[in-house]
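Quick look at coords.tsv (TSV, C-alpha atoms):
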```tsv
chain	number	residue	atom	x	y	z
A	1157	MET	CA	62.39	113.95	199.55
A	1158	SER	CA	62.66	117.68	200.06
A	1159	SER	CA	59.72	119.77	201.16
A	1160	PRO	CA	58.30	121.91	198.36
A	1161	ASP	CA	59.05	125.15	200.23
A	1162	SER	CA	62.75	124.52	200.81
A	1163	ALA	CA	63.17	123.15	197.26
A	1164	ASP	CA	61.68	126.34	195.81
A	1165	ARG	CA	63.84	128.51	198.03
A	1166	ILE	CA	67.03	126.65	197.11
A	1167	GLU	CA	66.16	126.75	193.39
A	1168	ALA	CA	65.66	130.54	193.62
A	1169	ILE	CA	69.03	130.99	195.38
A	1170	LEU	CA	70.82	128.90	192.73
A	1171	GLY	CA	69.12	130.96	190.01
A	1172	ARG	CA	70.48	134.15	191.57
A	1173	VAL	CA	74.03	132.71	191.77
A	1174	LEU	CA	73.87	131.77	188.06
A	1175	GLY	CA	72.39	135.14	187.08
A	1176	ALA	CA	75.05	137.13	188.96
A	1177	GLY	CA	77.97	135.05	187.63
A	1178	SER	CA	76.59	135.23	184.13
A	1179	ALA	CA	76.15	139.03	184.24
A	1180	VAL	CA	79.60	139.75	185.71
A	1181	SER	CA	81.48	137.39	183.38
A	1182	THR	CA	79.66	138.60	180.26
A	1183	ALA	CA	80.37	142.25	181.17
A	1184	LEU	CA	84.09	141.48	181.71
A	1185	LEU	CA	84.35	139.53	178.44
A	1186	ALA	CA	82.65	142.38	176.52
A	1187	LEU	CA	85.00	144.96	178.08
A	1188	GLY	CA	88.00	142.70	177.45
A	1189	LEU	CA	87.04	142.25	173.81
A	1190	LEU	CA	86.70	146.01	173.30
A	1191	LEU	CA	90.13	146.52	174.91
A	1192	THR	CA	91.63	143.76	172.74
A	1193	ILE	CA	90.67	145.76	169.69
A	1194	ALA	CA	91.42	149.23	171.12
A	1195	ALA	CA	94.48	148.53	173.29
A	1196	PRO	CA	95.74	144.99	172.64
A	1197	ALA	CA	99.11	145.50	174.36
A	1198	ALA	CA	97.74	146.94	177.61
A	1199	PRO	CA	98.32	144.58	180.56
A	1200	ALA	CA	94.75	145.19	181.76
A	1201	THR	CA	93.34	143.65	178.56
A	1202	ALA	CA	94.65	140.13	179.14
A	1203	PHE	CA	93.80	140.37	182.83
A	1204	ILE	CA	90.17	141.37	182.24
A	1205	LEU	CA	89.64	138.66	179.60
A	1206	ARG	CA	91.11	135.97	181.86
A	1207	ALA	CA	89.05	137.21	184.83
A	1208	GLY	CA	85.90	137.00	182.67
A	1209	LEU	CA	86.71	133.44	181.61
A	1210	LEU	CA	87.58	132.31	185.14
A	1211	ILE	CA	84.39	133.81	186.61
A	1212	LEU	CA	82.40	132.17	183.80
A	1213	MET	CA	83.88	128.74	184.66
A	1214	ALA	CA	83.59	129.40	188.40
A	1215	THR	CA	79.84	130.17	188.15
A	1216	PRO	CA	78.57	126.56	187.80
A	1217	MET	CA	81.07	125.55	190.51
A	1218	ALA	CA	79.71	128.27	192.82
A	1219	ARG	CA	76.20	127.03	192.07
A	1220	VAL	CA	77.17	123.49	193.15
A	1221	LEU	CA	78.96	124.79	196.26
A	1222	VAL	CA	75.95	126.91	197.28
A	1223	ALA	CA	73.64	123.91	196.66
A	1224	THR	CA	75.82	121.70	198.88
A	1225	ILE	CA	75.70	124.25	201.70
A	1226	ALA	CA	71.97	124.94	201.30
A	1227	TYR	CA	71.03	121.24	201.31
A	1228	SER	CA	73.17	120.50	204.35
A	1229	ARG	CA	71.58	123.41	206.23
A	1230	ALA	CA	68.13	122.05	205.28
A	1231	ARG	CA	69.32	118.63	206.57
A	1232	GLU	CA	68.60	116.95	203.25
A	1233	TRP	CA	71.47	114.54	203.40
A	1234	SER	CA	70.98	112.59	200.15
A	1235	SER	CA	70.90	115.86	198.17
A	1236	THR	CA	73.93	117.14	200.11
A	1237	LEU	CA	75.82	113.97	199.20
A	1238	MET	CA	74.96	114.31	195.49
A	1239	ALA	CA	75.90	118.01	195.29
A	1240	GLY	CA	79.09	117.33	197.28
A	1241	THR	CA	80.09	114.54	194.88
A	1242	VAL	CA	79.60	116.84	191.86
A	1243	LEU	CA	81.78	119.42	193.63
A	1244	LEU	CA	84.52	116.82	194.15
A	1245	VAL	CA	84.49	115.89	190.43
A	1246	LEU	CA	84.81	119.59	189.52
A	1247	LEU	CA	87.67	120.00	191.99
A	1248	GLY	CA	89.30	117.03	190.22
A	1249	SER	CA	89.13	119.04	186.98
A	1250	VAL	CA	90.71	122.04	188.72
A	1251	VAL	CA	93.57	119.84	189.99
A	1252	ILE	CA	94.18	118.42	186.49
A	1253	ALA	CA	94.05	121.95	184.98
A	1254	LEU	CA	96.58	123.25	187.51
A	1255	ARG	CA	99.01	120.38	186.85
A	1256	HIS	CA	99.60	121.58	183.28
B	438	MET	CA	93.20	139.95	167.09
B	439	THR	CA	91.78	142.17	164.37
B	440	PRO	CA	88.32	143.76	164.65
B	441	LEU	CA	87.31	141.74	161.55
B	442	TRP	CA	88.26	138.44	163.23
B	443	ALA	CA	86.33	139.38	166.39
B	444	LEU	CA	83.31	140.38	164.33
B	445	THR	CA	83.45	137.16	162.27
B	446	VAL	CA	83.62	134.96	165.37
B	447	ALA	CA	80.82	136.95	167.07
B	448	LEU	CA	78.61	136.70	163.98
B	449	ALA	CA	79.29	132.96	163.67
B	450	GLY	CA	78.33	132.67	167.35
B	451	THR	CA	75.13	134.65	166.77
B	452	VAL	CA	74.02	132.46	163.85
B	453	ALA	CA	75.01	129.23	165.65
B	454	GLY	CA	73.33	130.39	168.88
B	455	ALA	CA	70.11	131.45	167.13
B	456	LEU	CA	69.78	128.23	165.11
B	457	GLY	CA	70.85	126.13	168.09
B	458	ALA	CA	68.23	127.71	170.36
B	459	MET	CA	65.49	127.45	167.71
B	460	LEU	CA	66.28	123.78	167.15
B	461	GLY	CA	66.95	122.98	170.80
B	462	ILE	CA	70.41	121.58	170.09
B	463	GLY	CA	72.60	124.41	171.40
B	464	GLY	CA	75.09	126.42	169.38
B	465	GLY	CA	78.17	124.22	169.77
B	466	VAL	CA	77.20	121.66	167.18
B	467	LEU	CA	77.26	124.45	164.55
B	468	LEU	CA	79.97	126.70	166.02
B	469	VAL	CA	82.69	124.00	166.12
B	470	PRO	CA	82.43	123.14	162.38
B	471	PHE	CA	82.41	126.85	161.48
B	472	LEU	CA	85.53	127.59	163.54
B	473	VAL	CA	87.32	124.52	162.13
B	474	ILE	CA	86.29	124.69	158.47
B	475	GLY	CA	85.63	128.42	158.07
B	476	LEU	CA	88.33	129.96	160.27
B	477	HIS	CA	90.86	127.07	160.26
B	478	LEU	CA	91.09	126.86	164.04
B	479	PRO	CA	92.58	123.56	165.32
B	480	ILE	CA	89.66	121.35	166.39
B	481	GLN	CA	90.77	121.20	170.06
B	482	GLN	CA	90.79	125.04	170.21
B	483	ALA	CA	87.37	125.22	168.53
B	484	VAL	CA	85.99	122.73	171.07
B	485	GLY	CA	87.49	124.76	173.95
B	486	VAL	CA	85.85	127.97	172.71
B	487	SER	CA	82.56	126.18	172.16
B	488	LEU	CA	82.59	124.72	175.71
B	489	ILE	CA	82.95	128.27	177.09
B	490	THR	CA	79.83	129.33	175.14
B	491	VAL	CA	77.98	126.25	176.47
B	492	ILE	CA	78.72	127.33	180.06
B	493	ALA	CA	77.60	130.91	179.34
B	494	THR	CA	74.33	129.74	177.76
B	495	SER	CA	73.59	127.27	180.56
B	496	SER	CA	74.07	129.89	183.29
B	497	ALA	CA	72.05	132.55	181.46
B	498	VAL	CA	69.16	130.21	180.57
B	499	SER	CA	68.98	128.53	183.99
B	500	ALA	CA	69.02	131.88	185.80
B	501	GLY	CA	65.79	132.58	183.89
B	502	THR	CA	64.09	129.18	184.35
B	503	ALA	CA	64.96	128.74	188.05
B	504	GLY	CA	61.81	129.12	190.15
B	505	ARG	CA	59.43	128.09	187.37
B	506	HIS	CA	59.16	124.47	188.58
B	507	LEU	CA	60.74	123.18	185.39
B	508	ILE	CA	64.16	122.13	186.65
B	509	ASN	CA	64.19	118.81	188.51
B	510	LEU	CA	67.05	119.72	190.87
B	511	ARG	CA	67.48	116.36	192.58
B	512	LEU	CA	67.48	114.40	189.33
B	513	GLY	CA	69.74	117.05	187.77
B	514	MET	CA	72.30	116.77	190.52
B	515	LEU	CA	72.31	112.98	190.47
B	516	LEU	CA	72.86	112.91	186.71
B	517	GLU	CA	75.45	115.71	187.00
B	518	ILE	CA	77.71	113.32	188.89
B	519	ALA	CA	77.72	111.15	185.74
B	520	THR	CA	77.96	114.00	183.20
B	521	ALA	CA	80.75	115.79	185.10
B	522	ALA	CA	82.74	112.54	185.42
B	523	GLY	CA	82.19	111.88	181.71
B	524	GLY	CA	83.20	115.48	180.96
B	525	LEU	CA	86.40	115.19	182.98
B	526	VAL	CA	87.40	112.00	181.15
B	527	GLY	CA	86.54	113.65	177.81
B	528	GLY	CA	88.71	116.68	178.57
B	529	VAL	CA	91.68	114.48	179.39
B	530	THR	CA	91.30	112.15	176.37
B	531	ALA	CA	90.68	115.00	173.86
B	532	ALA	CA	94.32	116.04	174.03
B	533	ALA	CA	95.43	112.47	173.30
B	534	LEU	CA	93.22	111.99	170.23
B	535	SER	CA	94.23	113.20	166.77
B	536	ALA	CA	92.30	116.03	165.10
B	537	ARG	CA	91.23	113.56	162.42
B	538	ALA	CA	89.79	111.13	164.98
B	539	LEU	CA	87.89	113.95	166.68
B	540	ALA	CA	86.47	115.14	163.34
B	541	TRP	CA	85.29	111.60	162.53
B	542	LEU	CA	83.67	111.28	165.95
B	543	PHE	CA	81.99	114.68	165.49
B	544	SER	CA	80.73	113.63	162.08
B	545	GLY	CA	79.36	110.32	163.40
B	546	VAL	CA	77.61	111.86	166.39
B	547	THR	CA	75.93	114.65	164.35
B	548	ALA	CA	74.73	112.11	161.76
B	549	GLY	CA	73.36	109.93	164.57
B	550	ILE	CA	71.46	112.85	166.12
B	551	ALA	CA	70.02	113.77	162.68
B	552	ILE	CA	68.73	110.23	162.13
B	553	LEU	CA	67.28	110.08	165.66
B	554	THR	CA	65.45	113.37	164.99
B	555	LEU	CA	63.98	112.11	161.71
B	556	THR	CA	62.68	108.91	163.32
B	557	ARG	CA	60.92	110.93	166.04
B	558	LEU	CA	59.08	113.42	163.80
B	559	HIS	CA	55.60	112.38	164.89
B	560	ARG	CA	56.20	111.49	168.51
B	561	ARG	CA	54.12	113.34	171.09
B	562	ASN	CA	55.13	113.43	174.71
B	563	VAL	CA	52.44	112.44	177.13
B	564	LEU	CA	52.48	113.40	180.77
B	565	HIS	CA	51.95	110.63	183.24
B	566	GLU	CA	49.18	111.40	185.69
B	567	GLY	CA	50.62	109.28	188.51
B	568	THR	CA	49.43	109.87	192.04
B	569	HIS	CA	52.89	110.04	193.60
B	570	PRO	CA	56.02	111.21	191.78
B	571	GLY	CA	58.36	108.88	193.71
B	572	ALA	CA	61.88	109.75	194.90
B	573	TRP	CA	63.16	111.31	191.67
B	574	GLY	CA	60.05	112.55	189.86
B	575	GLY	CA	58.13	115.76	190.36
B	576	ARG	CA	55.03	117.74	189.53
B	577	ILE	CA	54.59	120.37	186.86
B	578	HIS	CA	51.80	122.59	185.70
B	579	ASP	CA	50.26	121.22	182.51
B	580	ALA	CA	49.31	124.15	180.28
B	581	GLU	CA	46.77	122.11	178.27
B	582	THR	CA	44.62	120.90	181.17
B	583	GLY	CA	45.52	123.71	183.60
B	584	ARG	CA	46.25	121.20	186.37
B	585	MET	CA	49.32	120.01	188.26
B	586	VAL	CA	50.40	116.63	186.95
B	587	ALA	CA	52.97	114.23	188.38
B	588	TYR	CA	55.61	112.23	186.56
B	589	ARG	CA	57.86	109.41	187.73
B	590	VAL	CA	61.40	108.76	186.57
B	591	LYS	CA	61.87	105.32	185.03
B	592	ARG	CA	65.09	103.42	184.20
B	593	LEU	CA	67.38	105.54	186.39
B	594	PRO	CA	70.53	103.42	185.70
B	595	LEU	CA	70.00	104.01	181.96
B	596	ALA	CA	69.67	107.77	182.59
B	597	LEU	CA	72.97	107.68	184.54
B	598	ALA	CA	74.82	105.70	181.87
B	599	GLY	CA	73.47	107.95	179.10
B	600	SER	CA	74.50	111.03	181.08
B	601	PHE	CA	78.07	109.75	181.37
B	602	VAL	CA	78.25	109.24	177.59
B	603	ALA	CA	76.63	112.65	176.97
B	604	GLY	CA	79.13	114.34	179.30
B	605	ASN	CA	82.01	112.56	177.63
B	606	LEU	CA	80.96	113.51	174.08
B	607	SER	CA	80.17	117.02	175.30
B	608	THR	CA	83.73	117.86	176.27
B	609	LEU	CA	85.32	115.82	173.45
B	610	LEU	CA	83.30	117.67	170.79
B	611	GLY	CA	82.32	121.00	172.41
B	612	ILE	CA	78.59	120.36	172.33
B	613	GLY	CA	76.14	120.70	175.21
B	614	GLY	CA	75.05	117.09	175.18
B	615	GLY	CA	71.37	117.97	175.50
B	616	THR	CA	70.80	116.35	172.11
B	617	ILE	CA	71.59	113.01	173.77
B	618	LYS	CA	70.10	113.57	177.24
B	619	VAL	CA	66.79	115.21	176.30
B	620	PRO	CA	65.49	112.40	174.00
B	621	LEU	CA	66.79	109.80	176.47
B	622	LEU	CA	65.10	111.35	179.53
B	623	ASN	CA	61.92	112.08	177.59
B	624	ALA	CA	61.42	108.96	175.50
B	625	LEU	CA	62.87	106.29	177.78
B	626	CYS	CA	62.83	107.66	181.32
B	627	GLY	CA	59.37	109.24	181.54
B	628	VAL	CA	60.45	112.85	182.09
B	629	PRO	CA	58.18	115.47	180.42
B	630	LEU	CA	59.90	117.28	177.55
B	631	ARG	CA	59.92	120.74	179.16
B	632	VAL	CA	61.39	119.32	182.38
B	633	ALA	CA	63.97	117.27	180.45
B	634	THR	CA	65.01	120.36	178.45
B	635	ALA	CA	65.23	122.69	181.48
B	636	THR	CA	67.04	120.10	183.62
B	637	SER	CA	69.50	119.35	180.81
B	638	ALA	CA	70.19	123.06	180.22
B	639	PHE	CA	70.80	123.40	183.98
B	640	MET	CA	73.26	120.46	183.97
B	641	ILE	CA	75.35	121.31	180.88
B	642	GLY	CA	77.05	124.26	182.63
B	643	VAL	CA	78.65	121.86	185.13
B	644	THR	CA	79.38	119.27	182.43
B	645	ALA	CA	81.12	121.80	180.16
B	646	THR	CA	83.01	123.30	183.10
B	647	SER	CA	84.55	119.94	184.01
B	648	GLY	CA	86.02	119.72	180.50
B	649	ALA	CA	86.67	123.43	179.89
B	650	LEU	CA	88.93	123.65	182.96
B	651	VAL	CA	91.12	120.89	181.50
B	652	TYR	CA	91.25	122.63	178.07
B	653	TYR	CA	92.05	125.94	179.80
B	654	GLY	CA	94.86	124.34	181.78
B	655	GLN	CA	96.37	123.07	178.52
B	656	GLY	CA	96.24	126.56	176.98
B	657	LEU	CA	93.68	125.46	174.37
B	658	ILE	CA	91.24	128.31	175.06
B	659	VAL	CA	92.15	131.61	173.35
B	660	PRO	CA	90.52	134.24	175.64
B	661	SER	CA	89.69	136.89	172.99
B	662	THR	CA	88.18	134.35	170.56
B	663	ALA	CA	86.18	132.82	173.42
B	664	ALA	CA	84.92	136.28	174.45
B	665	ALA	CA	83.71	137.12	170.93
B	666	ALA	CA	82.01	133.71	170.64
B	667	VAL	CA	80.27	134.04	174.04
B	668	LEU	CA	78.82	137.46	173.19
B	669	GLY	CA	77.64	136.20	169.81
B	670	VAL	CA	76.07	133.01	171.14
B	671	LEU	CA	74.28	134.80	174.01
B	672	ALA	CA	72.79	137.34	171.59
B	673	GLY	CA	71.92	134.62	169.07
B	674	SER	CA	70.23	132.29	171.55
B	675	THR	CA	68.09	135.13	172.93
B	676	LEU	CA	67.02	135.86	169.37
B	677	GLY	CA	66.52	132.16	168.55
B	678	LEU	CA	64.27	131.53	171.56
B	679	ARG	CA	61.97	134.37	170.41
B	680	LEU	CA	61.85	133.16	166.82
B	681	GLY	CA	61.61	129.48	167.73
B	682	THR	CA	58.14	129.62	169.23
B	683	ALA	CA	56.73	131.10	166.02
B	684	LEU	CA	57.79	128.18	163.81
B	685	PRO	CA	56.12	124.76	163.42
B	686	VAL	CA	57.89	121.96	165.32
B	687	ARG	CA	57.87	119.48	162.43
B	688	GLY	CA	59.52	121.97	160.06
B	689	LEU	CA	62.14	122.77	162.69
B	690	LYS	CA	62.97	119.10	163.13
B	691	ILE	CA	63.43	118.57	159.39
B	692	LEU	CA	65.56	121.72	159.16
B	693	MET	CA	67.65	120.48	162.08
B	694	ALA	CA	68.21	117.07	160.47
B	695	VAL	CA	69.29	118.69	157.19
B	696	VAL	CA	71.66	121.08	158.99
B	697	LEU	CA	73.18	118.26	161.05
B	698	LEU	CA	73.69	115.96	158.06
B	699	THR	CA	75.40	118.80	156.18
B	700	VAL	CA	77.64	119.51	159.18
B	701	SER	CA	78.42	115.80	159.45
B	702	ALA	CA	79.45	115.54	155.80
B	703	LEU	CA	81.52	118.74	155.93
B	704	MET	CA	83.44	117.64	159.02
B	705	LEU	CA	84.25	114.34	157.32
B	706	VAL	CA	85.43	115.88	154.06
B	707	ARG	CA	86.88	119.25	154.96
B	708	THR	CA	88.88	118.65	158.14
B	709	PRO	CA	92.57	118.47	157.21
```

Show how you would write the structure in this file as structure tokens.
Amino acid sequence: MSSPDSADRIEAILGRVLGAGSAVSTALLALGLLLTIAAPAAPATAFILRAGLLILMATPMARVLVATIAYSRAREWSSTLMAGTVLLVLLGSVVIALRH
Amino acid sequence: MTPLWALTVALAGTVAGALGAMLGIGGGVLLVPFLVIGLHLPIQQAVGVSLITVIATSSAVSAGTAGRHLINLRLGMLLEIATAAGGLVGGVTAAALSARALAWLFSGVTAGIAILTLTRLHRRNVLHEGTHPGAWGGRIHDAETGRMVAYRVKRLPLALAGSFVAGNLSTLLGIGGGTIKVPLLNALCGVPLRVATATSAFMIGVTATSGALVYYGQGLIVPSTAAAAVLGVLAGSTLGLRLGTALPVRGLKILMAVVLLTVSALMLVRTP
């Protein structure tokens, strides 16, 4: 059972990770969409859209990674184990995605 | 991609996101049928796009709710193991299933959710004033009494099994899966509705990511369509959350059941 203080602190950190990832990916997708309409053939267009999508998908993964680190530093081993297991499942998805 | 196509997808996302947020079912359940029936996108591509919007909504919503004592982090992470595993399996099997089979499954699940909603029209959710929340429960501020109240989590194995199924259906059909998890956690596992909703919204980002990565790897996610849908859904859900609080819950539930039954019938009849 985590202490209320460290649980609050960790929740706030995870919220900031999600907020930052969400803001950056949405901005890139909006820019990419504008470029798709204005300059569809430009190499930067495809790059920016893909970067937006990858950052969007990486955001929940970053949240799980940060949670794993934060729980291990707070010596909350059962929570560390759970977050670490979720991270492993997500890495499994990455491996499957890369195989194609 | 023409500007008209981008605008159509973004508008569809806005309407789906607004209705989804008002009804608490997420935008995917409406966006997928629109992309398939209205814009003739192959169902696997529509699901891929929808999963991307689910991730965007989850991150944006949870960034706002984090720190308000509504997300049960420990319970969320335990159940995420099940939803992410279910999501991974769903992503892999989606490619193997025919479009027709997926449409039938979509139709069946939406009809099931509609019926479940109609049978729960009058149910109120009571907080349990336990003295100790136990290993998985927590405490929240009860707005009605103005006090901190505790709740315990019951039937954890059931919550885990349900989360696996929700994760699986989520990435097969491009829906968040909250429609399955929230009633389950609330009605059967003793979790207060607001906590169940916030914890589910927190989890679906990870669930959708486990499937979306697999779709992305198979080239099933068209980046420009996904971008237009994300922007539409984010705008729509912001709008929907504002409008949602002004409407009576019972009316919303009936509206939701009607919408879902229509979607269910359309997916059955109109998918080629």

Counting all atoms listed in the file, which residues in chain B sit no more than 7 Å from chain A? For each one, give the nearest pair of atoms and the distance in Å, sorted by chain then residue number, as a Markdown table.
```
| residue | atom | partner | partner_atom | distance |
| --- | --- | --- | --- | --- |
| B:Met438 | CA | A:Ile1193 | CA | 6.8 |
| B:Thr439 | CA | A:Ile1193 | CA | 6.5 |
| B:Pro440 | CA | A:Ile1193 | CA | 5.9 |
| B:Ala493 | CA | A:Ser1178 | CA | 6.5 |
| B:Ser496 | CA | A:Leu1174 | CA | 5.1 |
| B:Ala497 | CA | A:Ser1178 | CA | 5.9 |
| B:Ser499 | CA | A:Gly1171 | CA | 6.5 |
| B:Ala500 | CA | A:Gly1171 | CA | 4.3 |
| B:Ala503 | CA | A:Gly1171 | CA | 5.1 |
| B:Gly504 | CA | A:Ala1168 | CA | 5.4 |
| B:Arg511 | CA | A:Ser1235 | CA | 6.6 |
| B:Met514 | CA | A:Ala1239 | CA | 6.1 |
| B:Leu515 | CA | A:Met1238 | CA | 5.8 |
| B:Glu517 | CA | A:Val1242 | CA | 6.5 |
| B:Ile518 | CA | A:Val1242 | CA | 5.0 |
| B:Ala521 | CA | A:Val1245 | CA | 6.5 |
| B:Ala522 | CA | A:Val1245 | CA | 6.3 |
| B:Leu525 | CA | A:Ser1249 | CA | 6.2 |
| B:Ala572 | CA | A:Met1157 | CA | 6.3 |
| B:Gly642 | CA | A:Pro1216 | CA | 5.9 |
| B:Val643 | CA | A:Pro1216 | CA | 5.4 |
| B:Thr646 | CA | A:Met1213 | CA | 5.7 |
| B:Ser647 | CA | A:Leu1246 | CA | 5.5 |
| B:Leu650 | CA | A:Ala1253 | CA | 5.8 |
| B:Val651 | CA | A:Ala1253 | CA | 4.7 |
| B:Tyr653 | CA | A:Ala1253 | CA | 6.8 |
| B:Gly654 | CA | A:Ala1253 | CA | 4.1 |
| B:Gln655 | CA | A:His1256 | CA | 5.9 |
| B:Pro660 | CA | A:Leu1205 | CA | 6.0 |
| B:Ser661 | CA | A:Leu1189 | CA | 6.0 |
| B:Ala664 | CA | A:Leu1185 | CA | 5.2 |
| B:Ala665 | CA | A:Leu1189 | CA | 6.8 |
```

Computed interatomic separation between CA of Trp541 (chain B) and CA of Leu444 (chain B) (Å):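 About the pair CA of Trp541 (chain B) and CA of Leu444 (chain B): they are 28.9 Å apart.
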
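By chain and then residue number, the residues within 9 Å of Cys626 (chain B) are B:Arg589, B:Val590, B:Lys591, B:Arg592, B:Leu593, B:Leu595, B:Ala596, B:Leu621, B:Leu622, B:Asn623, B:Ala624, B:Val628, counting all atoms listed in the file and disregarding those fewer than 2 positions away in sequence.
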
Serialized selection, C-alpha atoms, as an mmCIF file, in the coordinates of the input:
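This is the output file part.cif:
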```cif
data_model
loop_
_atom_site.group_PDB
_atom_site.id
_atom_site.type_symbol
_atom_site.label_atom_id
_atom_site.label_comp_id
_atom_site.auth_asym_id
_atom_site.auth_seq_id
_atom_site.Cartn_x
_atom_site.Cartn_y
_atom_site.Cartn_z
ATOM 1 C CA ARG B 589 57.860 109.410 187.730
ATOM 2 C CA VAL B 590 61.400 108.760 186.570
ATOM 3 C CA LYS B 591 61.870 105.320 185.030
ATOM 4 C CA ARG B 592 65.090 103.420 184.200
ATOM 5 C CA LEU B 593 67.380 105.540 186.390
ATOM 6 C CA LEU B 595 70.000 104.010 181.960
ATOM 7 C CA ALA B 596 69.670 107.770 182.590
ATOM 8 C CA LEU B 621 66.790 109.800 176.470
ATOM 9 C CA LEU B 622 65.100 111.350 179.530
ATOM 10 C CA ASN B 623 61.920 112.080 177.590
ATOM 11 C CA ALA B 624 61.420 108.960 175.500
ATOM 12 C CA VAL B 628 60.450 112.850 182.090
#
```

Got a sec: who's within 10 Å of Leu553 (chain B), counting only C-alpha atoms, leaving out chain neighbours fewer than 3 positions off, as a tab-separated table (two decimals) with C-alpha atoms, keeping the file's coordinate frame?
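What follows is the written file out07.tsv:
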```
chain	number	residue	atom	x	y	z
B	547	THR	CA	75.93	114.65	164.35
B	548	ALA	CA	74.73	112.11	161.76
B	549	GLY	CA	73.36	109.93	164.57
B	550	ILE	CA	71.46	112.85	166.12
B	556	THR	CA	62.68	108.91	163.32
B	557	ARG	CA	60.92	110.93	166.04
B	558	LEU	CA	59.08	113.42	163.80
B	616	THR	CA	70.80	116.35	172.11
B	617	ILE	CA	71.59	113.01	173.77
B	620	PRO	CA	65.49	112.40	174.00
B	694	ALA	CA	68.21	117.07	160.47
```

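We find CA of Ala666 (chain B) and CA of Ile612 (chain B) to be spaced 13.9 Å apart.
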